[in-house]
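Structure data (mmCIF, C-alpha atoms and all ligand atoms) from protein35.cif:
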```
data_start
#
loop_
_atom_site.label_atom_id
_atom_site.label_comp_id
_atom_site.auth_asym_id
_atom_site.auth_seq_id
_atom_site.Cartn_x
_atom_site.Cartn_y
_atom_site.Cartn_z
CA MET F 1 51.29 198.39 37.29
CA SER F 2 51.21 197.71 41.02
CA GLY F 3 51.21 200.46 43.65
CA ARG F 4 49.45 203.77 43.29
CA ASN F 5 49.57 206.06 40.31
CA SER F 6 51.42 209.23 41.28
CA LEU F 7 48.91 211.89 40.39
CA PHE F 8 50.72 215.19 39.95
CA VAL F 9 48.52 216.99 37.48
CA PRO F 10 47.18 220.27 38.90
CA GLY F 11 43.72 218.80 39.23
CA PRO F 12 42.15 216.43 39.72
CA THR F 13 44.22 215.97 42.87
CA ASN F 14 44.54 213.10 45.34
CA VAL F 15 41.33 212.38 47.20
CA PRO F 16 42.05 211.60 50.87
CA ASP F 17 40.62 208.33 52.18
CA ARG F 18 38.54 210.34 54.64
CA ILE F 19 36.72 212.03 51.79
CA LEU F 20 36.33 208.81 49.79
CA ARG F 21 34.79 207.11 52.81
CA ALA F 22 32.48 210.05 53.45
CA MET F 23 31.23 209.90 49.86
CA HIS F 24 30.46 206.19 50.04
CA ARG F 25 26.80 206.65 50.93
CA ALA F 26 23.45 205.20 50.12
CA GLN F 27 21.32 207.74 48.28
CA GLU F 28 18.57 209.48 50.19
CA ASP F 29 15.63 211.82 49.88
CA HIS F 30 17.02 215.29 49.22
CA ARG F 31 13.68 216.80 50.22
CA SER F 32 13.54 215.13 53.63
CA SER F 33 13.31 217.14 56.83
CA SER F 34 16.77 215.93 57.90
CA PHE F 35 18.63 216.83 54.69
CA PRO F 36 19.21 220.49 55.68
CA ALA F 37 21.28 219.26 58.65
CA LEU F 38 23.94 218.47 56.05
CA THR F 39 23.47 221.33 53.62
CA LEU F 40 23.00 224.27 55.97
CA GLY F 41 26.35 223.53 57.59
CA ILE F 42 28.02 223.38 54.20
CA PHE F 43 26.48 226.70 53.15
CA ALA F 44 27.71 228.21 56.44
CA ASP F 45 31.27 226.91 56.15
CA LEU F 46 32.03 227.14 52.43
CA PRO F 47 32.35 230.96 52.33
CA LYS F 48 35.06 230.74 55.01
CA ILE F 49 37.34 228.97 52.53
CA PHE F 50 36.82 231.89 50.11
CA GLY F 51 37.78 234.34 52.86
CA SER F 52 34.24 235.61 53.28
CA THR F 53 31.74 236.21 56.03
CA LYS F 54 29.57 238.49 53.90
CA GLY F 55 29.29 236.36 50.77
CA GLN F 56 26.92 233.59 49.81
CA ALA F 57 28.17 230.24 48.47
CA PHE F 58 26.50 228.28 45.67
CA ILE F 59 27.04 224.64 44.73
CA PHE F 60 26.28 223.08 41.34
CA PRO F 61 26.73 219.56 40.00
CA ALA F 62 29.15 220.92 37.41
CA SER F 63 32.80 222.01 37.12
CA GLY F 64 34.80 225.20 37.28
CA THR F 65 34.06 225.98 33.64
CA ALA F 66 30.33 226.11 34.40
CA MET F 67 30.97 228.61 37.18
CA TRP F 68 32.52 231.06 34.68
CA GLU F 69 29.21 230.91 32.81
CA THR F 70 27.17 231.12 36.01
CA ALA F 71 29.01 234.22 37.18
CA ILE F 72 28.69 235.92 33.79
CA VAL F 73 24.99 235.25 33.17
CA ASN F 74 23.95 236.17 36.70
CA ALA F 75 25.90 239.42 36.78
CA LEU F 76 25.63 240.79 33.25
CA SER F 77 23.40 241.41 30.27
CA PRO F 78 24.19 240.57 26.65
CA GLY F 79 26.19 243.35 25.04
CA ASP F 80 27.76 244.44 28.32
CA ARG F 81 31.37 245.51 28.08
CA VAL F 82 33.89 243.70 30.29
CA LEU F 83 37.64 243.98 30.73
CA ALA F 84 39.72 240.80 30.94
CA VAL F 85 43.34 239.76 31.07
CA ARG F 86 44.62 236.89 28.89
CA HIS F 87 47.86 235.30 30.07
CA GLY F 88 47.28 231.57 29.78
CA MET F 89 44.79 228.92 28.70
CA PHE F 90 42.35 229.37 31.58
CA SER F 91 42.09 233.14 31.25
CA HIS F 92 41.66 232.52 27.51
CA LEU F 93 38.75 230.16 28.15
CA PHE F 94 37.15 232.55 30.69
CA ILE F 95 37.24 235.22 27.96
CA ASP F 96 35.86 232.77 25.42
CA THR F 97 32.94 231.99 27.75
CA ALA F 98 32.16 235.69 28.20
CA GLN F 99 32.20 236.20 24.42
CA ARG F 100 29.94 233.23 23.80
CA MET F 101 27.48 234.60 26.38
CA GLY F 102 27.31 237.78 24.30
CA MET F 103 29.61 240.11 26.24
CA GLN F 104 31.89 242.60 24.51
CA VAL F 105 35.23 241.65 25.94
CA GLU F 106 38.10 244.07 25.89
CA VAL F 107 41.22 241.95 26.31
CA ILE F 108 44.49 243.02 27.89
CA GLU F 109 47.01 240.68 26.27
CA VAL F 110 49.89 239.67 28.50
CA GLU F 111 52.75 237.31 27.78
CA TRP F 112 51.98 233.76 28.98
CA GLY F 113 54.11 233.47 32.12
CA ASP F 114 53.48 237.03 33.32
CA ALA F 115 50.99 238.15 35.94
CA VAL F 116 47.80 240.24 35.76
CA PRO F 117 48.96 243.85 35.27
CA ALA F 118 47.03 245.83 37.87
CA GLY F 119 48.47 249.12 36.52
CA THR F 120 47.07 248.50 33.03
CA ILE F 121 43.65 247.69 34.51
CA GLU F 122 43.75 250.96 36.44
CA GLU F 123 44.69 252.97 33.32
CA ARG F 124 41.95 251.37 31.23
CA LEU F 125 39.30 251.91 33.92
CA LYS F 126 40.34 255.56 34.32
CA GLN F 127 39.76 256.09 30.57
CA ASP F 128 36.26 254.66 30.90
CA THR F 129 34.74 257.83 32.32
CA ALA F 130 31.27 256.80 31.12
CA GLY F 131 31.42 253.64 33.24
CA GLU F 132 30.72 251.33 30.30
CA ILE F 133 32.87 248.51 31.65
CA LYS F 134 30.62 246.41 33.85
CA ALA F 135 33.10 243.83 35.10
CA VAL F 136 36.77 242.94 35.33
CA LEU F 137 37.57 239.24 34.75
CA VAL F 138 40.82 237.84 36.09
CA VAL F 139 42.33 234.47 36.94
CA HIS F 140 43.96 234.47 40.36
CA ASN F 141 46.15 231.44 39.72
CA GLU F 142 46.76 230.77 36.00
CA THR F 143 47.12 226.99 36.14
CA ALA F 144 48.51 226.82 32.59
CA THR F 145 51.58 228.89 33.41
CA GLY F 146 51.91 228.55 37.20
CA VAL F 147 51.41 232.27 37.79
CA THR F 148 49.65 233.69 40.84
CA SER F 149 48.56 237.30 40.47
CA ASP F 150 48.10 239.89 43.19
CA MET F 151 44.34 240.29 43.68
CA ALA F 152 44.75 242.93 46.40
CA ALA F 153 46.60 245.00 43.78
CA VAL F 154 43.75 244.53 41.29
CA ARG F 155 41.25 245.74 43.90
CA ALA F 156 43.50 248.68 44.75
CA ALA F 157 43.74 249.55 41.03
CA MET F 158 39.95 249.46 40.66
CA ASN F 159 39.55 251.68 43.72
CA ALA F 160 42.24 254.08 42.51
CA ALA F 161 40.32 254.43 39.24
CA GLY F 162 37.15 255.09 41.24
CA HIS F 163 35.41 252.60 38.96
CA GLU F 164 32.19 250.71 39.79
CA ALA F 165 32.89 247.59 37.69
CA MET F 166 32.35 244.25 39.37
CA LEU F 167 35.32 241.99 40.02
CA MET F 168 35.11 238.36 38.89
CA VAL F 169 37.95 236.14 40.00
CA ASP F 170 38.66 232.60 38.85
CA GLY F 171 40.00 230.82 41.93
CA VAL F 172 39.67 227.26 40.66
CA SER F 173 43.31 226.38 41.43
CA SER F 174 43.76 228.79 44.33
CA VAL F 175 40.74 228.66 46.64
CA ALA F 176 41.42 226.14 49.46
CA SER F 177 45.18 226.16 48.76
CA LEU F 178 46.34 229.78 48.47
CA ASP F 179 45.35 232.85 50.42
CA PHE F 180 41.98 233.98 49.04
CA GLN F 181 40.18 236.96 50.56
CA LEU F 182 36.82 237.59 48.94
CA ASP F 183 35.71 240.22 51.46
CA LYS F 184 39.02 242.06 51.73
CA TRP F 185 39.64 242.11 47.96
CA GLY F 186 36.06 243.10 47.22
CA VAL F 187 35.54 240.13 44.91
CA ASP F 188 31.97 240.10 43.62
CA PHE F 189 32.01 236.62 42.03
CA ALA F 190 34.63 233.99 42.95
CA ILE F 191 34.73 230.82 40.90
CA SER F 192 36.01 227.41 41.98
CA GLY F 193 35.53 223.67 41.62
CA SER F 194 35.81 220.52 43.71
CA GLN F 195 38.79 218.66 42.22
CA LYS F 196 41.74 220.91 43.08
CA GLY F 197 42.34 222.45 46.48
CA PHE F 198 39.11 220.93 47.80
CA MET F 199 40.68 217.46 47.30
CA MET F 200 37.47 215.97 45.93
CA PRO F 201 36.55 214.21 42.71
CA ALA F 202 35.54 216.52 39.88
CA GLY F 203 31.83 217.18 39.79
CA LEU F 204 31.02 220.28 41.79
CA GLY F 205 31.15 223.85 40.61
CA LEU F 206 31.59 226.16 43.60
CA LEU F 207 30.84 229.84 43.60
CA CYS F 208 30.97 232.53 46.25
CA VAL F 209 29.19 235.81 45.59
CA GLY F 210 29.81 239.02 47.52
CA PRO F 211 27.10 241.53 48.49
CA LYS F 212 27.46 243.67 45.36
CA GLY F 213 27.37 240.55 43.19
CA LEU F 214 24.19 239.39 44.95
CA ALA F 215 22.58 242.76 44.26
CA ALA F 216 23.44 242.44 40.55
CA ILE F 217 21.70 239.08 40.08
CA PRO F 218 18.08 240.31 39.70
CA LYS F 219 19.19 243.09 37.34
CA ALA F 220 21.16 240.90 34.93
CA LYS F 221 19.26 240.27 31.69
CA SER F 222 21.22 237.29 30.39
CA PRO F 223 19.04 234.27 29.65
CA ARG F 224 19.68 231.47 32.14
CA ALA F 225 17.83 228.44 33.42
CA PHE F 226 19.84 225.73 35.16
CA PHE F 227 22.48 228.26 36.21
CA ASP F 228 19.98 230.85 37.49
CA LEU F 229 21.15 231.75 40.98
CA ARG F 230 17.71 233.17 41.83
CA ASP F 231 16.35 229.61 42.03
CA HIS F 232 19.15 228.67 44.41
CA ILE F 233 18.62 231.76 46.54
CA LYS F 234 14.95 230.82 46.95
CA LEU F 235 15.71 227.30 48.25
CA ASN F 236 19.28 227.18 49.62
CA GLY F 237 18.35 229.22 52.70
CA ASP F 238 16.23 226.28 53.90
CA GLY F 239 18.88 223.76 52.86
CA TYR F 240 17.32 222.60 49.60
CA PHE F 241 18.13 222.75 45.88
CA PRO F 242 15.97 223.43 42.82
CA TYR F 243 16.89 219.96 41.47
CA THR F 244 18.52 216.73 42.69
CA PRO F 245 21.89 217.73 44.09
CA ALA F 246 25.00 215.53 43.81
CA LEU F 247 24.44 213.82 47.15
CA SER F 248 27.69 211.88 47.45
CA HIS F 249 29.64 214.98 46.51
CA LEU F 250 27.89 216.98 49.21
CA TYR F 251 29.01 214.44 51.82
CA GLY F 252 32.51 214.67 50.34
CA LEU F 253 32.40 218.45 50.51
CA ARG F 254 31.33 218.31 54.16
CA GLU F 255 34.39 216.16 54.91
CA ALA F 256 36.69 218.40 52.84
CA LEU F 257 35.49 221.48 54.72
CA ASP F 258 36.08 219.68 58.03
CA MET F 259 39.63 218.77 56.97
CA LEU F 260 40.45 222.29 55.78
CA LEU F 261 38.97 223.92 58.88
CA GLU F 262 40.67 221.43 61.24
CA GLU F 263 44.07 222.15 59.67
CA GLY F 264 43.16 225.84 59.50
CA MET F 265 43.50 227.90 56.32
CA PRO F 266 46.72 229.65 57.46
CA ALA F 267 48.35 226.21 57.93
CA VAL F 268 46.97 224.96 54.62
CA ILE F 269 48.43 228.00 52.87
CA ALA F 270 51.80 227.61 54.64
CA ARG F 271 51.93 223.91 53.73
CA HIS F 272 51.41 224.71 50.06
CA ARG F 273 54.10 227.40 50.24
CA ARG F 274 56.62 225.00 51.77
CA LEU F 275 55.83 222.18 49.33
CA ALA F 276 56.08 224.54 46.35
CA GLU F 277 59.41 225.93 47.43
CA GLY F 278 60.93 222.43 47.32
CA VAL F 279 59.74 222.06 43.71
CA ARG F 280 61.16 225.47 42.77
CA LEU F 281 64.54 224.55 44.27
CA ALA F 282 64.52 221.27 42.35
CA VAL F 283 63.79 223.04 39.06
CA ARG F 284 66.68 225.41 39.72
CA ALA F 285 69.01 222.52 40.59
CA TRP F 286 68.14 220.90 37.26
CA GLY F 287 69.29 224.06 35.53
CA LEU F 288 65.79 224.64 34.16
CA HIS F 289 63.33 227.45 34.78
CA ALA F 290 59.66 227.93 35.50
CA CYS F 291 57.33 229.49 32.93
CA ALA F 292 56.47 232.09 35.62
CA LYS F 293 59.43 234.43 35.28
CA ASP F 294 58.95 236.72 38.26
CA PRO F 295 59.69 234.73 41.44
CA ALA F 296 57.11 236.86 43.26
CA CYS F 297 54.32 235.40 41.11
CA GLN F 298 55.39 231.74 41.05
CA SER F 299 52.43 229.68 42.11
CA ASP F 300 52.36 227.57 45.25
CA THR F 301 49.93 225.12 43.63
CA VAL F 302 51.47 224.39 40.22
CA THR F 303 54.85 224.80 38.52
CA ALA F 304 55.11 224.82 34.72
CA VAL F 305 58.64 223.64 33.90
CA VAL F 306 60.05 224.88 30.59
CA VAL F 307 61.97 222.13 28.76
CA PRO F 308 65.17 223.07 26.86
CA ASP F 309 64.90 223.99 23.16
CA GLY F 310 64.63 220.87 21.05
CA ALA F 311 63.09 218.77 23.83
CA ASP F 312 59.42 217.79 23.73
CA ALA F 313 57.55 218.15 27.00
CA GLU F 314 54.79 215.85 25.73
CA ARG F 315 57.40 213.08 25.31
CA VAL F 316 58.47 213.67 28.92
CA ARG F 317 54.88 213.31 30.04
CA ASP F 318 54.37 210.15 28.06
CA ILE F 319 57.53 208.50 29.41
CA ALA F 320 56.60 209.51 32.96
CA PHE F 321 53.18 207.95 32.59
CA ARG F 322 54.18 204.74 30.80
CA ARG F 323 57.42 203.88 32.59
CA TYR F 324 56.89 205.31 36.05
CA ASP F 325 53.11 205.59 36.50
CA LEU F 326 53.60 209.30 37.15
CA ALA F 327 51.01 211.75 35.82
CA LEU F 328 52.41 215.20 35.04
CA GLY F 329 50.33 218.06 33.64
CA ALA F 330 50.40 218.91 29.93
CA GLY F 331 51.42 222.18 28.37
CA LEU F 332 48.16 223.84 27.27
CA GLY F 333 47.48 225.84 24.13
CA LYS F 334 50.57 227.56 22.83
CA LEU F 335 52.64 226.02 25.65
CA ARG F 336 51.98 222.48 24.38
CA GLY F 337 55.27 220.59 24.11
CA LYS F 338 57.17 223.49 25.69
CA VAL F 339 56.29 222.92 29.35
CA PHE F 340 55.13 220.11 31.57
CA ARG F 341 53.42 220.95 34.83
CA ILE F 342 53.88 219.58 38.31
CA GLY F 343 50.75 220.03 40.40
CA HIS F 344 51.55 220.46 44.07
CA LEU F 345 48.19 221.12 45.65
CA GLY F 346 45.67 219.33 47.76
CA ASP F 347 46.34 216.31 49.95
CA LEU F 348 50.16 216.19 49.72
CA ASN F 349 53.25 215.96 51.87
CA PRO F 350 57.01 216.26 51.20
CA LEU F 351 57.66 212.55 50.66
CA MET F 352 54.91 212.27 48.06
CA LEU F 353 56.37 215.24 46.26
CA LEU F 354 59.92 213.87 46.48
CA GLY F 355 58.65 210.75 44.73
CA ALA F 356 57.27 212.90 41.92
CA LEU F 357 60.52 214.84 41.65
CA ALA F 358 62.53 211.59 41.50
CA GLY F 359 60.24 210.27 38.78
CA THR F 360 60.51 213.53 36.87
CA GLU F 361 64.30 213.33 37.00
CA MET F 362 64.34 209.73 35.74
CA THR F 363 61.96 210.71 32.97
CA MET F 364 63.95 213.73 31.86
CA ALA F 365 67.15 211.68 31.83
CA ASP F 366 65.36 209.03 29.72
CA ALA F 367 64.17 211.76 27.35
CA GLY F 368 67.75 212.96 26.85
CA ILE F 369 67.34 216.22 28.78
CA PRO F 370 70.75 216.92 30.37
CA ILE F 371 69.96 217.09 34.06
CA VAL F 372 71.95 215.54 36.88
CA ALA F 373 69.81 212.75 38.32
CA GLY F 374 69.35 213.30 42.04
CA SER F 375 70.13 217.03 41.92
CA GLY F 376 66.56 218.25 42.22
CA VAL F 377 65.62 215.66 44.80
CA ALA F 378 68.67 216.61 46.90
CA ALA F 379 67.80 220.31 46.77
CA ALA F 380 64.20 219.61 47.80
CA GLN F 381 65.28 217.18 50.54
CA GLN F 382 67.58 219.82 51.98
CA TRP F 383 64.71 222.33 51.98
CA TYR F 384 62.20 219.98 53.62
CA ARG F 385 64.78 218.91 56.24
CA SER F 386 65.60 222.49 57.13
CA THR F 387 62.01 223.73 57.40
CA GLN F 388 59.19 222.79 59.74
CA ALA F 389 55.74 221.61 58.77
C1 LIG F 401 40.93 223.68 36.26
C2 LIG F 401 40.67 225.11 36.03
C3 LIG F 401 39.50 225.57 35.42
C4 LIG F 401 38.50 224.65 34.82
O1 LIG F 401 37.85 223.92 35.74
P1 LIG F 401 37.05 222.61 35.32
O2 LIG F 401 36.62 222.10 36.64
O3 LIG F 401 38.03 221.73 34.61
O4 LIG F 401 35.94 223.01 34.46
C5 LIG F 401 39.29 226.92 35.33
N1 LIG F 401 40.18 227.79 35.77
C6 LIG F 401 41.35 227.40 36.33
C7 LIG F 401 42.30 228.44 36.81
C8 LIG F 401 41.62 226.05 36.48
O5 LIG F 401 42.77 225.66 37.05
#
```
Mind turning the file's structure into structure tokens?
Amino acid sequence: MSGRNSLFVPGPTNVPDRILRAMHRAQEDHRSSSFPALTLGIFADLPKIFGSTKGQAFIFPASGTAMWETAIVNALSPGDRVLAVRHGMFSHLFIDTAQRMGMQVEVIEVEWGDAVPAGTIEERLKQDTAGEIKAVLVVHNETATGVTSDMAAVRAAMNAAGHEAMLMVDGVSSVASLDFQLDKWGVDFAISGSQKGFMMPAGLGLLCVGPKGLAAIPKAKSPRAFFDLRDHIKLNGDGYFPYTPALSHLYGLREALDMLLEEGMPAVIARHRRLAEGVRLAVRAWGLHACAKDPACQSDTVTAVVVPDGADAERVRDIAFRRYDLALGAGLGKLRGKVFRIGHLGDLNPLMLLGALAGTEMTMADAGIPIVAGSGVAAAQQWYRSTQA
């Protein structure tokens, strides 16, 4: 098919030409005296995107999934008790990782489509008078359901309980797109990756560790080798890595940080809010609803659209891809076939998104879903015309 594929999965996202060009590099000696000129700047700037001046950033040739494991093994010891919330596929997999690394995970089960219940976390921590719970694991933006949870409320709940547990937050689909405040929220380990808000190809696991998290690293007894942050701490300060880093990706990350800092995080966050609102208005105009029920927790980076009973969201996705070269996100786990997802994060503007909404309308009409073609596009157009970038 000619023209570009419309990539509207919630990661990987569109890679701006600026980043592609920056990554197009000859390889070089990663132990040269000039290499730290690149890496030290990255280590200085990356925490800013996590909302941190006190934290330390770590970069691995890996993906977000690996950063779950890295956070767990560097903070905890096998047999440690942790508290986690399951409300979608990514929180499920975070829990699964903790279990496989030998943690005893106490799970707060929440309906898929609801947010992290800060009140329940507070209650459970208050009951733990012996302080057996070592960490709280939450997903800031549950990409499977399109739900953003209130991390300031989780921190407030932990403080109200007077509990010393560490806070581990998965920010893979929120950091660099949504407001993320590691210092203010007292996040001890924040997990991310390169292929969502950072607008890069997949391939980097990104982690930012707060002061209390850093202090936990030498005490953790979990076995670890490649993911041992102590090796990074020894070398990163001088701009080096304990192995061959992903050189092209580091140049891409440098460019991504420049782009984010040039636009400014408040503007990046506002842009995502405005783009998302157009999608929400379109979904409403179609007479459909988002999987995220509470409007206050509807994500500005991804919308999971619930298809009517009897319709198959996987068929919608397949038609979109084959007929219109439009990639929509799949329903994951128990949401398979029930929702399709529109990713609206990264390097995007209203016209790109209007194209995706038009394609989604054509696809749903083809799939026999009774929507009025043009209705969602018109609602989004009206919104983008009446609001400023
Ligand atoms: C994408 C995603 C992950 C997994 O990241 P990978 O880079 O695919 O390993 C984890 N958590 C959330 C919330 C995600 O959106």
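Compared by their closest atoms to ligand LIG 401 (chain F), and using all atoms listed in the file, the residues F:Ser174, F:Asn236, F:Asn14, F:Gln388 rank with F:Ser174 nearest.
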Fill in: Selection near F:Leu206, 8 Å with only C-alpha atoms, sequence-local residues under 4 positions removed, as a ChimeraX atom specification
/F:57-60,63-64,67,191-194
Go ahead and save the residues from that selection, with C-alpha atoms, as a PDB file, in the coordinates of the input.
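So out_38.pdb came out as:
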```pdb
ATOM      1  CA  ALA F  57      28.170 230.240  48.470  1.00  0.00           C
ATOM      2  CA  PHE F  58      26.500 228.280  45.670  1.00  0.00           C
ATOM      3  CA  ILE F  59      27.040 224.640  44.730  1.00  0.00           C
ATOM      4  CA  PHE F  60      26.280 223.080  41.340  1.00  0.00           C
ATOM      5  CA  SER F  63      32.800 222.010  37.120  1.00  0.00           C
ATOM      6  CA  GLY F  64      34.800 225.200  37.280  1.00  0.00           C
ATOM      7  CA  MET F  67      30.970 228.610  37.180  1.00  0.00           C
ATOM      8  CA  ILE F 191      34.730 230.820  40.900  1.00  0.00           C
ATOM      9  CA  SER F 192      36.010 227.410  41.980  1.00  0.00           C
ATOM     10  CA  GLY F 193      35.530 223.670  41.620  1.00  0.00           C
ATOM     11  CA  SER F 194      35.810 220.520  43.710  1.00  0.00           C
TER      12      SER F 194
END
```
Practice prompt. Could you report the residues within 9 Å of ligand LIG 401 (chain F), using all atoms listed in the file, as a PyMOL selection string?
Written response: chain F and resi 10-12+62-68+89-91+93-94+139-144+170-174+191-196+202-205
Worksheet item: With only C-alpha atoms as the basis for distance, which of F:Asp347, F:Leu260, F:Leu247, F:Ala215 is at the shortest distance from F:Ala26?
Response: F:Leu247
Can you check which parts of stretch 56-142 of chain F lie within 10 Å of stretch 146-157 of chain F? Per residue, the shortest pair of atoms and distance in Å to one decimal, counting only C-alpha atoms, sorted by chain and number, as a tab-separated table.
```
residue	atom	partner	partner_atom	distance
F:His87	CA	F:Val147	CA	9.0
F:Gly88	CA	F:Val147	CA	9.0
F:Trp112	CA	F:Val147	CA	9.0
F:Gly113	CA	F:Val147	CA	6.4
F:Asp114	CA	F:Val147	CA	6.9
F:Ala115	CA	F:Ser149	CA	5.2
F:Val116	CA	F:Ser149	CA	5.6
F:Pro117	CA	F:Val154	CA	8.0
F:Ala118	CA	F:Val154	CA	4.9
F:Gly119	CA	F:Ala157	CA	6.5
F:Thr120	CA	F:Ala157	CA	8.7
F:Ile121	CA	F:Ala157	CA	6.8
F:Glu122	CA	F:Ala157	CA	4.8
F:Glu123	CA	F:Ala157	CA	8.5
F:Leu125	CA	F:Ala157	CA	8.7
F:Lys126	CA	F:Ala157	CA	9.6
F:Val136	CA	F:Val154	CA	9.3
F:Val138	CA	F:Met151	CA	8.7
F:Val139	CA	F:Ser149	CA	7.7
F:His140	CA	F:Ser149	CA	5.4
F:Asn141	CA	F:Thr148	CA	4.3
F:Glu142	CA	F:Val147	CA	5.2
```
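Shortest separation to F:Arg230 among F:Ala365, F:Ala320, F:Leu214, F:Val306 occurs at residue F:Leu214, atoms counted being all atoms listed in the file.
Compared by their closest atoms to F:Arg323, and using all atoms listed in the file, the residues F:Ser77, F:Thr363, F:Thr301, F:Ser6 rank with F:Thr363 nearest.
Distances to F:Asp325 were evaluated for F:Ala282, F:Ile371, F:Met362, F:Ile42 using all atoms listed in the file, and the minimum falls at F:Met362.
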Worksheet entry | Interatomic distance, atom CA of F:Asp366 to atom CA of F:Gly333 (Å, one decimal) | 25.2 Å
Practice prompt. Please return, as number ranges by chain, all polymer residues that have at least one atom within 12 Å of the point (46.7, 203.3, 46.6); use all atoms listed in the file and the file's own coordinate frame.
Written response: F: 1-7, 14-17
